[in-house]
Structure formats: structure tokens, C-alpha cells
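Asks: Dumping the structure here so I can ask a few things about it.
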Amino acid sequence: MDSSTSVLCFLLPILFSLTSTLSTNSEGNALHALRSRLSDPTNVLQSWDPTLVNPCTWFHVTCDSNNRVIRLDLGNSNISGSLGPELGQLQHLQYLELYRNNFEGKIPKELGNLKNLISMDLYDNKFEGKIPKSIAKLKSLRFLRLNNNKLTGSIPRELATLSNLKVFDVSNNNLCGTIPVDGPFANFPMESFQNNRFSGPELQGLVPYDFGC
């Protein structure tokens, strides 16, 4: 074995270890980036220490057996601030629970990267802007609650392709246009849409879905 081969054999395990550690902690980096955006007057996020190998010991974070983040539970935590694109790096996340806080700004389109997401609860905040069309990529999504915010624009028609969606609530926003009638929207009660500026259910082929916006 020549010297170059010996060096390579020595370095490969080290490089592999470094790559594994970086991969494991990428979710921790994403969550720490989120924390840097937030105001946390009651120190709910005090345990979020970026120097740890992974975020699985942090309060309000749940991991699976492979130390991958699958739940983020920050509901009713008196937190304010905005969400950023880093949340889209939590590739294994199943539950995003941020309800009853003071989050503001737009809902990041990068949330559409969370392919394993089952529940997105962003209700009772101050989110504004449009509902991202990218949410339609979340084919496992069952619960989408965006009520009691300041959202505007129309409901993206792409959301009608979410065949697993069981609960959808956008009441008490400033949304406009028509209400979809396809797919899961055929089963949602009208209470899920109340206190907006909708012009009624979609009349397919007669008026555009964003009629009245």
C-alpha cells in the first residue's frame, strides 16, 4: 500500500463522519435560524442550543428513532416574528403546530417542500399575503388550518388536488374569489370559509375562480 492510499484510507472515515454529523445537524441549523427571527419573551425556546449534535433534546421538538425532526409544537407560546425559508429544510416534518401566537409576514412557499407533512396549524396569528400554491405539493396533508389571520387573495385551486385533506379552515381572513368545489372541498362546511370576501362557490366554466378579487 503506497502512502497516498494510506492517507486516503485514513481520511475516508473522518470525511464520512463529518458528512453524517452535518446531515444530522442540518435540521438543528434550520430551527436555530428560525429562532433567530423570533421574539420569545417567555423563553419557550431557551433549550434550543445549536451546539448540540441534533435538536432532539430541545423542548417542543419531537424526533423519530433516526433523530429526524417530525414535530414542531409551538402553539400558544406568546412568540412573535416571521417564518423563513429554512423551515423547508425539515424534510421529515409531519406536524407544524404554530397556532395562537403573533407570527406575521407571509407564509413561506418553502413549506411546500415538507412532503411528509400531515398537519399545518397556523391559525390565530397575523400572517398576511397569499396562501402559497406550493402547499398543493403536500400530498399527505390532512389538516390545514389558516383561520384568524390576515390572508388575502384567492384560494389556490391547486389545493383541490389534496385528496387526503380532511380539515380545511380559512375563516376570518380577507380572502376573495370563489370557493373551490372539487376534490375534498366538496365536503368542507361553509363555516370554514366565513368572514372573508368570497363571492360564493365556484361556478365552473361560468366565472373565473378569482372572480371578485
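Scheme for the C-alpha cells: letters A, B, ... for chains in order shown; per-chain residue numbers from 1; ligand numbers from 1 in order shown.
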Set out as a Markdown table a contact list for range 57-97 of chain A and range 118-127 of chain A with a cut-off of 6 Å, giving each residue of range 57-97 of chain A that qualifies its closest atom pair and distance in Å to one decimal, counting only C-alpha atoms, ordered by chain and rising residue number.
Replies:
```
| residue | atom | partner | partner_atom | distance |
| --- | --- | --- | --- | --- |
| A:Gln94 | CA | A:Ile118 | CA | 5.1 |
| A:Tyr95 | CA | A:Ser119 | CA | 4.9 |
| A:Leu96 | CA | A:Met120 | CA | 4.9 |
| A:Glu97 | CA | A:Asp121 | CA | 5.0 |
```
Asks: Identify, on the basis of only C-alpha atoms, every residue whose closest approach to Gly75 in chain A does not exceed 9 Å; exclude the query and any residue fewer than 2 positions from it along the same chain; express the result as an mmCIF file with C-alpha atoms, in the first residue's frame.
Replies:
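Now in out-v8.cif:
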```cif
data_model
loop_
_atom_site.group_PDB
_atom_site.id
_atom_site.type_symbol
_atom_site.label_atom_id
_atom_site.label_comp_id
_atom_site.auth_asym_id
_atom_site.auth_seq_id
_atom_site.Cartn_x
_atom_site.Cartn_y
_atom_site.Cartn_z
ATOM 1 C CA LEU A 72 -42.648 21.214 15.913
ATOM 2 C CA ASP A 73 -45.083 22.188 18.683
ATOM 3 C CA SER A 77 -46.350 30.173 23.162
ATOM 4 C CA ASN A 78 -46.513 34.001 23.015
ATOM 5 C CA ILE A 79 -43.963 34.025 20.180
ATOM 6 C CA GLU A 97 -48.116 23.483 15.099
ATOM 7 C CA LEU A 98 -47.638 27.269 15.353
ATOM 8 C CA TYR A 99 -51.179 28.331 16.271
ATOM 9 C CA ARG A 100 -52.196 31.132 18.676
ATOM 10 C CA ASN A 101 -49.064 33.242 18.534
ATOM 11 C CA ASP A 121 -51.855 24.649 12.065
ATOM 12 C CA LEU A 122 -51.091 28.349 11.624
#
```
Asks: Closest to Leu90 in chain A among A:Pro50, A:Pro132, A:Gly153, A:Gly28, using only C-alpha atoms?
Replies: A:Gly28
Asks: Using only C-alpha atoms, determine which residues lie at most 12 Å from Arg157 in chain A, disregarding the query and same-chain residues fewer than 3 positions distant; provide the list as a PDB file with N, CA and C atoms, in the first residue's frame.
Replies:
```pdb
ATOM      1  N   ILE A 131     -52.070  32.599   0.179  1.00  0.00           N
ATOM      2  CA  ILE A 131     -51.816  31.201   0.514  1.00  0.00           C
ATOM      3  C   ILE A 131     -50.908  30.634  -0.576  1.00  0.00           C
ATOM      4  N   PRO A 132     -49.731  30.096  -0.239  1.00  0.00           N
ATOM      5  CA  PRO A 132     -48.816  29.618  -1.274  1.00  0.00           C
ATOM      6  C   PRO A 132     -49.393  28.432  -2.065  1.00  0.00           C
ATOM      7  N   LYS A 133     -49.265  28.505  -3.381  1.00  0.00           N
ATOM      8  CA  LYS A 133     -49.701  27.385  -4.221  1.00  0.00           C
ATOM      9  C   LYS A 133     -48.887  26.127  -3.936  1.00  0.00           C
ATOM     10  N   SER A 134     -47.674  26.319  -3.441  1.00  0.00           N
ATOM     11  CA  SER A 134     -46.781  25.174  -3.187  1.00  0.00           C
ATOM     12  C   SER A 134     -47.344  24.213  -2.160  1.00  0.00           C
ATOM     13  N   ILE A 135     -48.297  24.652  -1.328  1.00  0.00           N
ATOM     14  CA  ILE A 135     -48.906  23.747  -0.347  1.00  0.00           C
ATOM     15  C   ILE A 135     -49.571  22.563  -1.043  1.00  0.00           C
ATOM     16  N   ALA A 136     -49.942  22.750  -2.309  1.00  0.00           N
ATOM     17  CA  ALA A 136     -50.582  21.670  -3.064  1.00  0.00           C
ATOM     18  C   ALA A 136     -49.644  20.486  -3.295  1.00  0.00           C
ATOM     19  N   GLY A 153     -56.082  37.511  -1.227  1.00  0.00           N
ATOM     20  CA  GLY A 153     -56.048  36.756  -2.475  1.00  0.00           C
ATOM     21  C   GLY A 153     -57.075  35.635  -2.476  1.00  0.00           C
ATOM     22  N   SER A 154     -56.975  34.763  -3.456  1.00  0.00           N
ATOM     23  CA  SER A 154     -57.933  33.671  -3.584  1.00  0.00           C
ATOM     24  C   SER A 154     -57.349  32.358  -3.067  1.00  0.00           C
ATOM     25  N   ALA A 160     -57.233  21.718  -4.438  1.00  0.00           N
ATOM     26  CA  ALA A 160     -58.295  20.732  -4.672  1.00  0.00           C
ATOM     27  C   ALA A 160     -57.733  19.362  -5.032  1.00  0.00           C
ATOM     28  N   THR A 161     -56.422  19.294  -5.303  1.00  0.00           N
ATOM     29  CA  THR A 161     -55.796  18.007  -5.625  1.00  0.00           C
ATOM     30  C   THR A 161     -55.342  17.255  -4.374  1.00  0.00           C
ATOM     31  N   LEU A 162     -55.499  17.864  -3.209  1.00  0.00           N
ATOM     32  CA  LEU A 162     -55.058  17.224  -1.952  1.00  0.00           C
ATOM     33  C   LEU A 162     -56.133  16.245  -1.484  1.00  0.00           C
ATOM     34  N   GLY A 177     -62.518  35.972  -4.177  1.00  0.00           N
ATOM     35  CA  GLY A 177     -62.718  34.998  -5.236  1.00  0.00           C
ATOM     36  C   GLY A 177     -63.838  34.030  -4.901  1.00  0.00           C
ATOM     37  N   THR A 178     -63.787  32.851  -5.495  1.00  0.00           N
ATOM     38  CA  THR A 178     -64.818  31.845  -5.248  1.00  0.00           C
ATOM     39  C   THR A 178     -64.250  30.676  -4.451  1.00  0.00           C
ATOM     40  N   ILE A 179     -65.127  29.883  -3.896  1.00  0.00           N
ATOM     41  CA  ILE A 179     -64.741  28.731  -3.074  1.00  0.00           C
ATOM     42  C   ILE A 179     -64.684  27.485  -3.962  1.00  0.00           C
ATOM     43  N   PRO A 180     -63.568  26.762  -3.957  1.00  0.00           N
ATOM     44  CA  PRO A 180     -63.478  25.557  -4.781  1.00  0.00           C
ATOM     45  C   PRO A 180     -64.568  24.546  -4.429  1.00  0.00           C
ATOM     46  N   VAL A 181     -64.939  23.737  -5.400  1.00  0.00           N
ATOM     47  CA  VAL A 181     -65.969  22.723  -5.166  1.00  0.00           C
ATOM     48  C   VAL A 181     -65.452  21.329  -5.512  1.00  0.00           C
ATOM     49  N   ASP A 182     -64.239  21.237  -6.035  1.00  0.00           N
ATOM     50  CA  ASP A 182     -63.685  19.939  -6.441  1.00  0.00           C
ATOM     51  C   ASP A 182     -63.010  19.224  -5.285  1.00  0.00           C
ATOM     52  N   GLY A 183     -62.781  17.926  -5.482  1.00  0.00           N
ATOM     53  CA  GLY A 183     -61.992  17.138  -4.539  1.00  0.00           C
ATOM     54  C   GLY A 183     -62.499  17.242  -3.120  1.00  0.00           C
ATOM     55  N   PRO A 184     -61.601  17.431  -2.165  1.00  0.00           N
ATOM     56  CA  PRO A 184     -62.011  17.463  -0.752  1.00  0.00           C
ATOM     57  C   PRO A 184     -62.895  18.654  -0.411  1.00  0.00           C
ATOM     58  N   PHE A 185     -62.870  19.704  -1.252  1.00  0.00           N
ATOM     59  CA  PHE A 185     -63.666  20.897  -0.944  1.00  0.00           C
ATOM     60  C   PHE A 185     -65.171  20.633  -1.011  1.00  0.00           C
ATOM     61  N   GLU A 202     -67.563  28.186  -6.426  1.00  0.00           N
ATOM     62  CA  GLU A 202     -67.130  28.313  -7.813  1.00  0.00           C
ATOM     63  C   GLU A 202     -68.188  27.787  -8.774  1.00  0.00           C
ATOM     64  N   GLN A 204     -68.125  26.557 -12.159  1.00  0.00           N
ATOM     65  CA  GLN A 204     -67.118  26.166 -13.135  1.00  0.00           C
ATOM     66  C   GLN A 204     -67.580  26.456 -14.564  1.00  0.00           C
ATOM     67  N   PRO A 208     -64.427  33.135 -13.640  1.00  0.00           N
ATOM     68  CA  PRO A 208     -63.099  32.717 -13.189  1.00  0.00           C
ATOM     69  C   PRO A 208     -63.074  32.504 -11.681  1.00  0.00           C
ATOM     70  N   TYR A 209     -62.201  31.606 -11.215  1.00  0.00           N
ATOM     71  CA  TYR A 209     -62.200  31.266  -9.786  1.00  0.00           C
ATOM     72  C   TYR A 209     -61.839  32.456  -8.920  1.00  0.00           C
ATOM     73  N   ASP A 210     -61.086  33.428  -9.490  1.00  0.00           N
ATOM     74  CA  ASP A 210     -60.714  34.595  -8.690  1.00  0.00           C
ATOM     75  C   ASP A 210     -61.679  35.758  -8.919  1.00  0.00           C
TER      76      ASP A 210
END
```
Asks: Might you pull out every residue within 12 Å of Met190 in chain A, with only C-alpha atoms counted and same-chain residues fewer than 2 positions away left off, and present them as a list in words?
Replies: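 Using only C-alpha atoms, the neighbours found are Phe168, Asp169, Val170, Ser171, Ile179, Pro180, Val181, Phe185, Ala186, Asn187, Phe188, Ser192, Phe193, Gln194, Asn195, Asn196, Phe198, Gly200 and Pro201 of chain A.
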Asks: For CA of Ser80 in chain A and CA of Ala30 in chain A, determine how far apart the two atoms are, in Å to one decimal place.
Replies: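 Taking CA of Ser80 in chain A and CA of Ala30 in chain A, their separation equals 17.5 Å.
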Asks: Output as a PyMOL selection string all residues of chain A that backbone DSSP marks as strand (DSSP E or B).
Replies: chain A and resi 38-39+61-63+69-73+80-82+95-97+102-106+119-121+126-129+143-145+150-153+167-169+174-179+197-201
Asks: Please list as an mmCIF file with C-alpha atoms, in the first residue's frame every residue within 6 Å of Leu111 in chain A, counting only C-alpha atoms and excluding residues in the same chain fewer than 3 positions away.
Replies:
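This went into out.cif:
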```
data_model
loop_
_atom_site.group_PDB
_atom_site.id
_atom_site.type_symbol
_atom_site.label_atom_id
_atom_site.label_comp_id
_atom_site.auth_asym_id
_atom_site.auth_seq_id
_atom_site.Cartn_x
_atom_site.Cartn_y
_atom_site.Cartn_z
ATOM 1 C CA GLY A 88 -38.448 23.946 4.199
ATOM 2 C CA PRO A 108 -43.117 30.809 3.115
ATOM 3 C CA LEU A 114 -42.357 19.338 3.592
#
```
Asks: Can you pull out every residue within 8 Å of Asn116 in chain A, counting only C-alpha atoms, but drop anything in the same chain fewer than 3 positions away, and send it as JSON, numbers by chain?
Replies: {"A": [91, 92, 93, 94, 138, 139, 140, 141]}
Asks: Would you pick out the contacts of Phe59 in chain A at 9 Å or less, using only C-alpha atoms, so that residues sharing its chain but fewer than 5 positions from it are not included, and give the list as JSON, numbers by chain?
Replies: {"A": [44, 45, 46, 47, 48, 73]}
Asks: Those residues with N, CA and C atoms, as an mmCIF file, in the first residue's frame please?
Replies:
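So the final result, stored in result.cif, reads:
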```
data_model
loop_
_atom_site.group_PDB
_atom_site.id
_atom_site.type_symbol
_atom_site.label_atom_id
_atom_site.label_comp_id
_atom_site.auth_asym_id
_atom_site.auth_seq_id
_atom_site.Cartn_x
_atom_site.Cartn_y
_atom_site.Cartn_z
ATOM 1 N N VAL A 44 -39.585 30.273 25.840
ATOM 2 C CA VAL A 44 -40.049 28.955 25.417
ATOM 3 C C VAL A 44 -38.948 28.207 24.656
ATOM 4 N N LEU A 45 -38.095 28.955 23.965
ATOM 5 C CA LEU A 45 -37.070 28.354 23.109
ATOM 6 C C LEU A 45 -35.698 28.316 23.783
ATOM 7 N N GLN A 46 -35.671 28.441 25.087
ATOM 8 C CA GLN A 46 -34.403 28.541 25.815
ATOM 9 C C GLN A 46 -33.526 27.302 25.634
ATOM 10 N N SER A 47 -34.147 26.149 25.434
ATOM 11 C CA SER A 47 -33.385 24.900 25.329
ATOM 12 C C SER A 47 -32.819 24.666 23.932
ATOM 13 N N TRP A 48 -33.110 25.563 22.985
ATOM 14 C CA TRP A 48 -32.667 25.375 21.593
ATOM 15 C C TRP A 48 -31.189 25.753 21.467
ATOM 16 N N ASP A 73 -43.907 21.803 17.902
ATOM 17 C CA ASP A 73 -45.083 22.188 18.683
ATOM 18 C C ASP A 73 -44.828 23.495 19.432
#
```
Asks: Which residues in range 29-165 of chain A does DSSP call helix (DSSP H, G or I)? List them as a PyMOL selection string.
Replies: chain A and resi 29-37+55-57+85-89+109-113+133-137+157-161
Asks: Ranking A:Asn164, A:Ser36, A:Ser199, A:Asn25 by minimum distance to Leu117 in chain A and counting only C-alpha atoms, which one comes first?
Replies: A:Asn164
Asks: Please compute the CA of Gly105 in chain A-CA of Glu128 in chain A distance, one decimal, in Å.
Replies: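 Between CA of Gly105 in chain A and CA of Glu128 in chain A the gap works out to 5.5 Å.
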Asks: Rounded to one decimal in Å, what is the spacing between CA of Pro55 in chain A and CA of Phe103 in chain A?
Replies: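 Interatomic distance, CA of Pro55 in chain A to CA of Phe103 in chain A: 21.9 Å.
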